[in-house]
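Student: My structure is below; once you've seen it, I'll send some questions.
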Protein chains: 2
Amino acid sequence: MPPLPISPPKPKDATEKVAHALALAIHEHRIAPGTKLGEDELGEIYDVSRTVIRAALQSLAHIQLVEIQRNKGAFVAQPSLREAREVFEARALLEPRTAGSAAARATPRDIAILKEHIAQEHAAMDAGDHGRALSLSGVFHIEVARIADQDTIRQFIETLIARSSLIIALYWRRESALCESHAHHALIDAIAKADAQNAEELMRSHLVDLNSALDLRDRPTQSRSLKELLQDPHP
Amino acid sequence: MPPLPISPPKPKDATEKVAHALALAIHEHRIAPGTKLGEDELGEIYDVSRTVIRAALQSLAHIQLVEIQRNKGAFVAQPSLREAREVFEARALLEPRTAGSAAARATPRDIAILKEHIAQEHAAMDAGDHGRALSLSGVFHIEVARIADQDTIRQFIETLIARSSLIIALYWRRESALCESHAHHALIDAIAKADAQNAEELMRSHLVDLNSALDLRDRPTQSRSLKELLQDPHP
DNA sequence: CCTCAACTCATTGTATACAATCTTGCGTGC
DNA sequence: GCACGCAAGATTGTATACAATGAGTTGAGG
């Protein structure tokens, strides 16, 4: 039996490598929303040509992790309040049912993979690496969707998780705990018991909790700098 | 008041132009699933360099209209039976609620746009241009999602509609009618009356009808050539 | 001292050239 | 005659070079 694949399968070509590396950096909050991603700069960092960089950026733009402005370049996306709300509405629509399906289909191996996730999340937390813990908790949701064995919906959820990472970076209420591993642990239990209804309900409340850890209220002025607001007001 | 925008906004750069042209050709069933899309060939047709063609193909690959195989090239996608079922499951999950939202938000102008769609569908049908009629009926669904004013879900629906076009090309039961304009007309009425519940139910049954016009039963052997099946068994 | 405009420079959009990989056809050996 | 292997052609993957657009700067004029 091959080792448990925690991360998605290794990318084969240079473009995917760069795209994954960038996506990971964004998910782990090592690059802030709004950051300019210059092509030459990235090309030098990853030691590939701009051709590869551009392909990777386009790929990330399609899942809305970065925003490409014609003749201006690529920036790490800054989801608006409205987009943030939409993303979590869509997650609330898709993920609970998916968790239920996962509970109905999960194999012992799947459970092991999920538990391995939890372990890694804890390890990252203990190491104080909040970015990595957050990233892993996103992958957890994707893994649940994978177990549900619905590729189409899983792909949608992947993009929603990706955008959620940006949303958390922008709108997380710092006084809130956002300690996801407890909710994830309960979810694993339900899935392991093939209790679809409970899994569905746990996922639903987990998403509600996540939402309340965010500050998605309307606000007259944003906290970001005026310059950023003027150069990228989400047209 | 500007003219009613039936099609999405005009693409600005060469890449988008090519991507839209290719997507339209696929939606109108002018290119069959499985067709090889050579880069040089397309470059000559659209009079742009392979750089542009590759970007367009990657864009289409992301919405799964084409499948790119490393070092082999791009092909018009051939959704498997399983994928076909998943796509319609996802549509059933997303579109009815979206139609309900659309009914709650539609403006008179929105209604006019939808009616214009119906008219164009009828015109295409009368002209015997089934491909164009089919493509327009897809755009109708996208337009409903736009009216619902949920960009995130609209984007998901767009990809589902795109793939549906391929699925219809592959699995349509020719004895079936697939005459969508009646269902669309009823839907417009419900939306115009702001009857969300009725719109939701009409969309649901419309999707059921669509599904029964397809033959998604398991089949031991496919109707396509052995070579195609062996070179692209959907790994 | 401030404003505006033109120019320079940096960055992106596109095209072309080179390298790597796959397909295909032919030739050799059995 | 058939199968295997090798080589030539074709196609994609990547890098580089050129063109076009935008941003920042510097200078003159008010």
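By order in the structure tokens, chains are A, B, ...; within a chain, residues start at 1; ligands start at 1, following the order shown.
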Can you list, as a list in words, every protein, DNA or RNA residue that comes within 9 Å of stretch 16-18 of chain D when you count only C-alpha atoms (C1' of nucleotides), leaving out same-chain residues fewer than 2 positions away?
Tutor: Ser49 of chain A; DT14, DA15, DT16 and DA17 of chain C
Student: If we count only C-alpha atoms (C1' of nucleotides), which residues of chain A reach to within 8 Å of chain D? Please list them as a ChimeraX atom specification.
Tutor: /A:49,51-52,71-72
Student: Which chain B residues are at most 7 Å from chain A (counting only C-alpha atoms), as a list of chain:residue names?
Tutor: B:Glu86, B:Val87, B:Ala90, B:Gln150, B:Thr152, B:Ile153
Student: Residues of chain C were defined as contacting chain A if any atom lay at most 10 Å from it, counting only C-alpha atoms (C1' of nucleotides); please report them as a compact mmCIF listing (two decimals) with N, CA and C atoms (P, O5', C5', C4', C3', O3' and C1' of nucleotides), in the first residue's frame.
Tutor:
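The result, written out as selection-v8.txt:
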```txt
# COMPACT_ATOMS: atom_id res chain seq x y z
P DT C 11 10.03 46.40 -13.23
O5' DT C 11 8.73 45.87 -13.98
C5' DT C 11 7.50 46.57 -13.85
C4' DT C 11 6.52 46.10 -14.89
C3' DT C 11 6.52 44.59 -15.12
O3' DT C 11 5.22 44.08 -14.88
C1' DT C 11 6.55 45.76 -17.18
P DT C 12 4.93 42.50 -15.05
O5' DT C 12 3.97 42.43 -16.32
C5' DT C 12 2.80 43.25 -16.35
C4' DT C 12 2.30 43.42 -17.77
C3' DT C 12 1.82 42.13 -18.43
O3' DT C 12 0.59 42.37 -19.10
C1' DT C 12 3.42 43.16 -19.81
P DG C 13 -0.19 41.18 -19.85
O5' DG C 13 0.15 41.41 -21.38
C5' DG C 13 -0.65 42.31 -22.15
C4' DG C 13 -0.36 42.15 -23.64
C3' DG C 13 -0.72 40.77 -24.21
O3' DG C 13 -1.32 40.93 -25.49
C1' DG C 13 1.57 41.20 -24.56
```
Student: To one decimal place in Å, what is the distance between atom CA of A:Asp129 and atom CA of A:Ile26?
Tutor: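 It comes out at 14.1 Å.
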